[in-house]
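coords_18.txt (compact mmCIF, N, CA and C atoms)
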# COMPACT_ATOMS: atom_id res chain seq x y z
N MET N 204 69.61 -108.17 49.56
CA MET N 204 69.15 -106.80 49.57
C MET N 204 67.95 -106.69 48.65
N GLY N 205 66.98 -105.91 49.05
CA GLY N 205 65.80 -105.70 48.22
C GLY N 205 65.26 -104.30 48.43
N LEU N 206 64.55 -103.81 47.44
CA LEU N 206 63.94 -102.48 47.55
C LEU N 206 62.77 -102.56 48.52
N ALA N 207 62.83 -101.78 49.58
CA ALA N 207 61.79 -101.81 50.61
C ALA N 207 60.90 -100.58 50.59
N ALA N 208 61.46 -99.44 50.19
CA ALA N 208 60.68 -98.20 50.26
C ALA N 208 61.18 -97.19 49.24
N ILE N 209 60.27 -96.30 48.87
CA ILE N 209 60.58 -95.16 48.01
C ILE N 209 60.09 -93.92 48.74
N GLY N 210 60.97 -92.95 48.92
CA GLY N 210 60.62 -91.72 49.62
C GLY N 210 60.42 -90.57 48.65
N ILE N 211 59.34 -89.85 48.82
CA ILE N 211 59.03 -88.68 48.00
C ILE N 211 58.95 -87.48 48.93
N VAL N 212 59.64 -86.40 48.58
CA VAL N 212 59.60 -85.17 49.36
C VAL N 212 58.69 -84.19 48.64
N ALA N 213 57.72 -83.66 49.35
CA ALA N 213 56.72 -82.77 48.76
C ALA N 213 56.75 -81.38 49.39
N GLU N 214 56.73 -80.37 48.56
CA GLU N 214 56.62 -78.99 49.05
C GLU N 214 55.21 -78.74 49.58
N ASP N 215 54.21 -79.25 48.89
CA ASP N 215 52.80 -79.08 49.27
C ASP N 215 52.19 -80.47 49.47
N VAL N 216 52.19 -80.93 50.70
CA VAL N 216 51.76 -82.30 51.01
C VAL N 216 50.31 -82.54 50.59
N SER N 217 49.42 -81.62 50.87
CA SER N 217 48.01 -81.85 50.54
C SER N 217 47.81 -81.98 49.03
N LYS N 218 48.52 -81.19 48.26
CA LYS N 218 48.43 -81.28 46.80
C LYS N 218 48.99 -82.62 46.32
N SER N 219 50.09 -83.06 46.92
CA SER N 219 50.68 -84.35 46.55
C SER N 219 49.78 -85.51 46.94
N LEU N 220 49.15 -85.43 48.10
CA LEU N 220 48.22 -86.49 48.51
C LEU N 220 47.08 -86.60 47.50
N LYS N 221 46.58 -85.47 47.04
CA LYS N 221 45.50 -85.46 46.04
C LYS N 221 45.99 -86.09 44.73
N PHE N 222 47.18 -85.69 44.29
CA PHE N 222 47.73 -86.23 43.04
C PHE N 222 47.88 -87.75 43.12
N TYR N 223 48.53 -88.25 44.15
CA TYR N 223 48.78 -89.69 44.24
C TYR N 223 47.49 -90.47 44.47
N ALA N 224 46.49 -89.86 45.07
CA ALA N 224 45.18 -90.52 45.20
C ALA N 224 44.58 -90.78 43.82
N LEU N 225 44.84 -89.88 42.86
CA LEU N 225 44.36 -90.08 41.49
C LEU N 225 44.98 -91.32 40.86
N LEU N 226 46.16 -91.72 41.33
CA LEU N 226 46.83 -92.92 40.84
C LEU N 226 46.40 -94.16 41.62
N GLY N 227 45.55 -93.97 42.61
CA GLY N 227 45.07 -95.09 43.42
C GLY N 227 45.91 -95.35 44.66
N ILE N 228 46.79 -94.44 45.01
CA ILE N 228 47.65 -94.62 46.17
C ILE N 228 47.02 -93.90 47.36
N GLN N 229 46.71 -94.66 48.38
CA GLN N 229 46.10 -94.11 49.59
C GLN N 229 47.15 -94.13 50.70
N PHE N 230 47.48 -92.96 51.18
CA PHE N 230 48.48 -92.84 52.24
C PHE N 230 47.82 -92.80 53.61
N LYS N 231 48.55 -93.29 54.60
CA LYS N 231 48.14 -93.19 56.00
C LYS N 231 49.14 -92.29 56.70
N GLN N 232 48.62 -91.36 57.49
CA GLN N 232 49.48 -90.42 58.21
C GLN N 232 50.09 -91.12 59.42
N PHE N 233 51.38 -90.88 59.65
CA PHE N 233 52.07 -91.43 60.81
C PHE N 233 51.91 -90.45 61.96
N GLN N 234 51.15 -90.87 62.96
CA GLN N 234 50.86 -90.05 64.13
C GLN N 234 50.40 -88.67 63.69
N GLN N 235 50.91 -87.61 64.27
CA GLN N 235 50.51 -86.24 63.91
C GLN N 235 51.64 -85.54 63.16
N THR N 236 52.36 -86.28 62.35
CA THR N 236 53.50 -85.73 61.63
C THR N 236 53.13 -85.44 60.18
N GLU N 237 54.09 -84.93 59.43
CA GLU N 237 53.93 -84.73 57.99
C GLU N 237 54.61 -85.87 57.25
N HIS N 238 54.46 -87.08 57.77
CA HIS N 238 54.99 -88.30 57.16
C HIS N 238 53.81 -89.23 56.88
N PHE N 239 53.77 -89.74 55.65
CA PHE N 239 52.68 -90.61 55.21
C PHE N 239 53.28 -91.85 54.57
N ASP N 240 52.60 -92.99 54.75
CA ASP N 240 53.03 -94.27 54.20
C ASP N 240 51.92 -94.91 53.39
N SER N 241 52.33 -95.66 52.37
CA SER N 241 51.38 -96.46 51.60
C SER N 241 52.07 -97.76 51.19
N LEU N 242 51.72 -98.84 51.88
CA LEU N 242 52.32 -100.14 51.58
C LEU N 242 51.62 -100.73 50.36
N GLN N 243 52.40 -101.02 49.32
CA GLN N 243 51.86 -101.53 48.06
C GLN N 243 51.77 -103.06 48.08
N GLU N 244 50.97 -103.61 47.17
CA GLU N 244 50.83 -105.07 47.07
C GLU N 244 52.17 -105.74 46.84
N SER N 245 53.09 -105.05 46.20
CA SER N 245 54.42 -105.60 45.92
C SER N 245 55.28 -105.70 47.18
N GLY N 246 54.83 -105.06 48.25
CA GLY N 246 55.61 -105.04 49.48
C GLY N 246 56.45 -103.78 49.64
N VAL N 247 56.52 -102.97 48.59
CA VAL N 247 57.28 -101.72 48.65
C VAL N 247 56.42 -100.66 49.34
N ASN N 248 57.03 -99.95 50.26
CA ASN N 248 56.35 -98.88 50.98
C ASN N 248 56.66 -97.55 50.29
N ILE N 249 55.64 -96.83 49.87
CA ILE N 249 55.83 -95.49 49.31
C ILE N 249 55.62 -94.51 50.45
N MET N 250 56.63 -93.66 50.67
CA MET N 250 56.59 -92.71 51.78
C MET N 250 56.53 -91.29 51.21
N LEU N 251 55.73 -90.46 51.82
CA LEU N 251 55.61 -89.06 51.42
C LEU N 251 55.91 -88.21 52.65
N ASP N 252 56.89 -87.32 52.51
CA ASP N 252 57.26 -86.42 53.60
C ASP N 252 57.23 -84.99 53.12
N SER N 253 56.89 -84.07 54.01
CA SER N 253 56.94 -82.66 53.66
C SER N 253 58.40 -82.21 53.60
N ALA N 254 58.67 -81.22 52.76
CA ALA N 254 60.02 -80.65 52.71
C ALA N 254 60.38 -80.07 54.07
N HIS N 255 59.39 -79.52 54.77
CA HIS N 255 59.62 -78.96 56.11
C HIS N 255 60.15 -80.04 57.06
N SER N 256 59.54 -81.23 57.02
CA SER N 256 59.98 -82.33 57.89
C SER N 256 61.41 -82.76 57.56
N ILE N 257 61.70 -82.86 56.28
CA ILE N 257 63.04 -83.27 55.85
C ILE N 257 64.08 -82.24 56.31
N LYS N 258 63.73 -80.95 56.21
CA LYS N 258 64.65 -79.90 56.64
C LYS N 258 64.89 -79.93 58.15
N GLN N 259 63.92 -80.43 58.92
CA GLN N 259 64.13 -80.57 60.36
C GLN N 259 65.15 -81.67 60.64
N LEU N 260 65.12 -82.73 59.84
CA LEU N 260 66.08 -83.82 60.01
C LEU N 260 67.45 -83.48 59.44
N TYR N 261 67.45 -82.82 58.30
CA TYR N 261 68.67 -82.47 57.58
C TYR N 261 68.63 -80.96 57.28
N PRO N 262 69.09 -80.12 58.19
CA PRO N 262 68.96 -78.67 58.04
C PRO N 262 69.54 -78.11 56.74
N ASP N 263 70.53 -78.76 56.17
CA ASP N 263 71.15 -78.26 54.93
C ASP N 263 70.48 -78.80 53.67
N TRP N 264 69.40 -79.59 53.83
CA TRP N 264 68.74 -80.18 52.66
C TRP N 264 68.17 -79.10 51.75
N LYS N 265 68.38 -79.30 50.45
CA LYS N 265 67.81 -78.40 49.45
C LYS N 265 67.17 -79.25 48.36
N LYS N 266 66.06 -78.77 47.84
CA LYS N 266 65.38 -79.46 46.75
C LYS N 266 66.32 -79.50 45.54
N PRO N 267 66.49 -80.68 44.93
CA PRO N 267 67.34 -80.77 43.74
C PRO N 267 66.80 -79.87 42.62
N VAL N 268 67.71 -79.31 41.85
CA VAL N 268 67.34 -78.44 40.73
C VAL N 268 67.44 -79.25 39.45
N GLY N 269 66.48 -79.05 38.55
CA GLY N 269 66.49 -79.79 37.29
C GLY N 269 65.73 -81.10 37.44
N SER N 270 65.73 -81.87 36.38
CA SER N 270 64.98 -83.12 36.42
C SER N 270 65.82 -84.22 37.05
N THR N 271 65.14 -85.15 37.64
CA THR N 271 65.81 -86.28 38.28
C THR N 271 65.87 -87.45 37.30
N PRO N 272 66.92 -88.25 37.35
CA PRO N 272 67.00 -89.39 36.45
C PRO N 272 66.17 -90.59 36.91
N ILE N 273 65.49 -90.46 38.03
CA ILE N 273 64.66 -91.55 38.54
C ILE N 273 63.20 -91.24 38.22
N VAL N 274 62.52 -92.23 37.64
CA VAL N 274 61.11 -92.10 37.28
C VAL N 274 60.35 -93.18 38.03
N LEU N 275 59.25 -92.81 38.69
CA LEU N 275 58.40 -93.79 39.35
C LEU N 275 57.37 -94.28 38.34
N CYS N 276 57.20 -95.59 38.25
CA CYS N 276 56.29 -96.20 37.27
C CYS N 276 55.25 -97.03 38.00
N PHE N 277 53.97 -96.75 37.71
CA PHE N 277 52.88 -97.43 38.39
C PHE N 277 52.06 -98.22 37.38
N GLU N 278 51.98 -99.53 37.60
CA GLU N 278 51.22 -100.41 36.72
C GLU N 278 49.73 -100.33 37.07
N GLN N 279 48.91 -100.28 36.04
CA GLN N 279 47.46 -100.27 36.19
C GLN N 279 46.91 -101.61 35.70
N SER N 280 45.65 -101.86 35.96
CA SER N 280 45.05 -103.16 35.64
C SER N 280 44.73 -103.33 34.16
N SER N 281 44.58 -102.24 33.41
CA SER N 281 44.25 -102.35 31.98
C SER N 281 44.61 -101.06 31.26
N ALA N 282 44.64 -101.14 29.93
CA ALA N 282 44.90 -99.96 29.11
C ALA N 282 43.81 -98.91 29.34
N LYS N 283 42.59 -99.36 29.51
CA LYS N 283 41.47 -98.44 29.75
C LYS N 283 41.70 -97.65 31.04
N VAL N 284 42.20 -98.32 32.07
CA VAL N 284 42.45 -97.65 33.35
C VAL N 284 43.57 -96.61 33.19
N VAL N 285 44.58 -96.91 32.37
CA VAL N 285 45.64 -95.92 32.11
C VAL N 285 45.01 -94.65 31.55
N ASP N 286 44.15 -94.81 30.54
CA ASP N 286 43.49 -93.66 29.93
C ASP N 286 42.64 -92.90 30.95
N GLU N 287 41.92 -93.62 31.79
CA GLU N 287 41.07 -92.99 32.80
C GLU N 287 41.89 -92.23 33.84
N VAL N 288 42.98 -92.84 34.30
CA VAL N 288 43.82 -92.19 35.31
C VAL N 288 44.42 -90.90 34.74
N VAL N 289 44.93 -90.97 33.52
CA VAL N 289 45.52 -89.77 32.90
C VAL N 289 44.46 -88.69 32.72
N ALA N 290 43.27 -89.07 32.32
CA ALA N 290 42.18 -88.10 32.16
C ALA N 290 41.85 -87.43 33.49
N HIS N 291 41.84 -88.20 34.58
CA HIS N 291 41.57 -87.64 35.92
C HIS N 291 42.70 -86.71 36.36
N VAL N 292 43.94 -87.11 36.08
CA VAL N 292 45.10 -86.28 36.43
C VAL N 292 44.99 -84.93 35.71
N LYS N 293 44.70 -84.99 34.41
CA LYS N 293 44.59 -83.78 33.60
C LYS N 293 43.43 -82.90 34.06
N ALA N 294 42.27 -83.51 34.30
CA ALA N 294 41.08 -82.77 34.74
C ALA N 294 41.28 -82.13 36.11
N SER N 295 42.19 -82.69 36.90
CA SER N 295 42.46 -82.15 38.24
C SER N 295 43.52 -81.05 38.21
N GLY N 296 43.98 -80.70 37.02
CA GLY N 296 44.90 -79.58 36.88
C GLY N 296 46.37 -79.92 36.94
N PHE N 297 46.70 -81.20 36.92
CA PHE N 297 48.10 -81.60 36.93
C PHE N 297 48.60 -81.76 35.49
N GLN N 298 49.91 -81.72 35.31
CA GLN N 298 50.50 -81.72 33.97
C GLN N 298 50.70 -83.13 33.42
N VAL N 299 50.28 -83.30 32.17
CA VAL N 299 50.52 -84.55 31.44
C VAL N 299 51.70 -84.30 30.51
N MET N 300 52.76 -85.10 30.64
CA MET N 300 53.94 -84.96 29.77
C MET N 300 53.70 -85.63 28.42
N LYS N 301 53.15 -86.82 28.47
CA LYS N 301 52.89 -87.59 27.25
C LYS N 301 51.57 -88.32 27.43
N GLU N 302 50.64 -88.03 26.54
CA GLU N 302 49.32 -88.67 26.57
C GLU N 302 49.49 -90.18 26.37
N PRO N 303 48.50 -90.97 26.80
CA PRO N 303 48.59 -92.42 26.63
C PRO N 303 48.80 -92.81 25.17
N TRP N 304 49.66 -93.80 25.00
CA TRP N 304 49.95 -94.33 23.67
C TRP N 304 50.30 -95.81 23.78
N ASP N 305 50.17 -96.52 22.68
CA ASP N 305 50.51 -97.94 22.66
C ASP N 305 51.99 -98.07 22.31
N ALA N 306 52.78 -98.40 23.30
CA ALA N 306 54.23 -98.50 23.13
C ALA N 306 54.60 -99.78 22.38
N PHE N 307 55.70 -99.71 21.65
CA PHE N 307 56.13 -100.86 20.85
C PHE N 307 56.53 -102.05 21.71
N TRP N 308 56.75 -101.86 23.01
CA TRP N 308 57.12 -102.96 23.89
C TRP N 308 55.91 -103.65 24.52
N GLY N 309 54.70 -103.28 24.03
CA GLY N 309 53.50 -104.00 24.43
C GLY N 309 52.77 -103.46 25.65
N GLN N 310 52.89 -102.17 25.88
CA GLN N 310 52.19 -101.56 27.02
C GLN N 310 51.48 -100.29 26.57
N ARG N 311 50.38 -99.99 27.24
CA ARG N 311 49.74 -98.68 27.14
C ARG N 311 50.51 -97.82 28.12
N TYR N 312 51.04 -96.70 27.69
CA TYR N 312 52.00 -95.94 28.49
C TYR N 312 51.68 -94.46 28.46
N ALA N 313 51.90 -93.78 29.57
CA ALA N 313 51.71 -92.33 29.66
C ALA N 313 52.66 -91.79 30.73
N SER N 314 52.96 -90.50 30.63
CA SER N 314 53.82 -89.85 31.62
C SER N 314 53.16 -88.56 32.10
N VAL N 315 53.16 -88.37 33.42
CA VAL N 315 52.61 -87.17 34.04
C VAL N 315 53.64 -86.62 35.02
N LEU N 316 53.40 -85.43 35.51
CA LEU N 316 54.27 -84.83 36.53
C LEU N 316 53.51 -84.68 37.83
N ASP N 317 54.15 -85.04 38.94
CA ASP N 317 53.52 -84.79 40.23
C ASP N 317 53.69 -83.31 40.58
N PRO N 318 53.10 -82.84 41.68
CA PRO N 318 53.17 -81.41 42.01
C PRO N 318 54.59 -80.86 42.17
N ASP N 319 55.56 -81.73 42.45
CA ASP N 319 56.94 -81.28 42.63
C ASP N 319 57.79 -81.47 41.38
N GLY N 320 57.15 -81.84 40.26
CA GLY N 320 57.86 -81.97 39.00
C GLY N 320 58.51 -83.32 38.77
N ASN N 321 58.20 -84.31 39.60
CA ASN N 321 58.74 -85.65 39.39
C ASN N 321 57.96 -86.35 38.29
N GLN N 322 58.68 -87.00 37.38
CA GLN N 322 58.02 -87.75 36.31
C GLN N 322 57.44 -89.04 36.88
N ILE N 323 56.16 -89.26 36.58
CA ILE N 323 55.45 -90.45 37.01
C ILE N 323 54.91 -91.12 35.76
N ASP N 324 55.30 -92.37 35.53
CA ASP N 324 54.80 -93.11 34.38
C ASP N 324 53.69 -94.05 34.82
N ILE N 325 52.69 -94.17 33.97
CA ILE N 325 51.52 -95.00 34.23
C ILE N 325 51.40 -95.95 33.06
N PHE N 326 51.28 -97.26 33.34
CA PHE N 326 51.26 -98.21 32.24
C PHE N 326 50.41 -99.43 32.56
N ALA N 327 50.08 -100.17 31.50
CA ALA N 327 49.39 -101.46 31.63
C ALA N 327 49.78 -102.31 30.43
N LYS N 328 49.75 -103.60 30.62
CA LYS N 328 50.00 -104.52 29.50
C LYS N 328 48.87 -104.41 28.49
N LEU N 329 49.24 -104.49 27.21
CA LEU N 329 48.21 -104.48 26.16
C LEU N 329 47.70 -105.89 25.93
Encoded form using structure tokens:
Amino acid sequence: MGLAAIGIVAEDVSKSLKFYALLGIQFKQFQQTEHFDSLQESGVNIMLDSAHSIKQLYPDWKKPVGSTPIVLCFEQSSAKVVDEVVAHVKASGFQVMKEPWDAFWGQRYASVLDPDGNQIDIFAKL
């Protein structure tokens, strides 16, 4: 068994596409649906679906309330890129939870929130 995909449900797909593009993730739309895919170098597919689409599949689906214990972490090529990505996220009006810092475990690390309030960590080896 291996991790093949991560699914993200978005209330505002266009806003989420803009946010994830700031992280370097380019999604491709599946046909004329509100489903988008981005196959990563690691082989993991990141999927973005509208809440509307999910509700069509699962009529009783409701957005979870409160914070989720799952955090998506995206590695960058350098500490400088971490700083640049966070600066772009902030300048684009998205929330930064923790500004970039040099973590004791040897990484440049930062945390931001996507448009739906999911914690996204951005890091690079020091």
Review point. Quick one: residues within 8 Å of range 257-266 of chain N, all atoms listed in the file counted, chain neighbours fewer than 4 positions away excluded, as a list in words?
Key: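 Surrounding residues, per the criterion: Val212, Glu237, Asp252 and Ser253 of chain N.
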Check your understanding: So, counting all atoms listed in the file, which residue among N:Ala294, N:Glu287, N:Ile323, N:Tyr312 is closest to Ile273 in chain N?
Key ->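 Checking each of N:Ala294, N:Glu287, N:Ile323, N:Tyr312 against Ile273 in chain N, counting all atoms listed in the file, the winner is N:Ile323.
We find CA of Asp240 in chain N and CA of Leu220 in chain N to be spaced 10.8 Å apart.
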Exercise for review: Would you mind reading off the distance between CA of Asp324 in chain N and CA of Leu275 in chain N, one decimal, in Å?
Suggested key: 6.2 Å
Exercise for review: One decimal, Å: what's the distance from atom C of Pro303 in chain N over to atom C of Gly269 in chain N, could you say?
Suggested key: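 Result for atom C of Pro303 in chain N versus atom C of Gly269 in chain N: 24.0 Å, one decimal.
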Exercise for review: Taking the DSSP assignment computed from this structure's backbone, write out as an MDAnalysis selection string all residues of chain N that belong to alpha helix (DSSP H).
Suggested key: chainID N and resid 216:225 254:260 282:294
Revision key, fill the gap. For Ala208 in chain N, the closest of N:Leu242, N:Val247, N:Ala306, N:Ala224 counting only C-alpha atoms is N:Val247
Neighbour list for Pro272 in chain N as a CSV table (one decimal) with N, CA and C atoms, keeping the file's coordinate frame, cut-off 12 Å, only C-alpha atoms, skip fewer than 5 positions in-chain:
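Final output, part07.csv:
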chain,number,residue,atom,x,y,z
N,267,PRO,N,66.5,-80.7,44.9
N,267,PRO,CA,67.3,-80.8,43.7
N,267,PRO,C,66.8,-79.9,42.6
N,321,ASN,N,58.2,-84.3,39.6
N,321,ASN,CA,58.7,-85.6,39.4
N,321,ASN,C,58.0,-86.4,38.3
N,322,GLN,N,58.7,-87.0,37.4
N,322,GLN,CA,58.0,-87.8,36.3
N,322,GLN,C,57.4,-89.0,36.9
N,323,ILE,N,56.2,-89.3,36.6
N,323,ILE,CA,55.4,-90.4,37.0
N,323,ILE,C,54.9,-91.1,35.8
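Among the candidates N:Met250, N:Val292, N:Leu329, N:Ala213, the one nearest to Gln310 in chain N when counting all atoms listed in the file is N:Leu329.
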Practice item. Rank N:His291, N:Lys221, N:His238, N:Arg311 by their smallest atom-to-atom distance to Gln279 in chain N, using only C-alpha atoms, and report the top residue only. Key: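 Closest residue, counting only C-alpha atoms: N:Arg311.
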Exercise for review: Please return as a PyMOL selection string: the residues of chain N that backbone DSSP assigns to strand (DSSP E or B).
Suggested key: chain N and resi 208-213+231-232+238-242+248-253+275-278+299-305+310-316+322-328
Point to revise | Top pick for closest residue to Asp305 in chain N, considering N:Lys218, N:Lys328, N:His255, N:Lys293 and counting only C-alpha atoms | key: N:Lys328
Check your understanding: Smallest atom-to-atom distance to Cys276 in chain N: which of N:Phe326, N:Phe297, N:Tyr223, N:Phe230, using all atoms listed in the file?
Key -> N:Phe326
Exercise for review: Pick out the residues sitting within 10 Å of Gln243 in chain N, and hand them over as a ChimeraX atom specification; count only C-alpha atoms, and ignore anything fewer than 5 positions along from it in its own chain.
Suggested key: /N:208,228-229,248-249
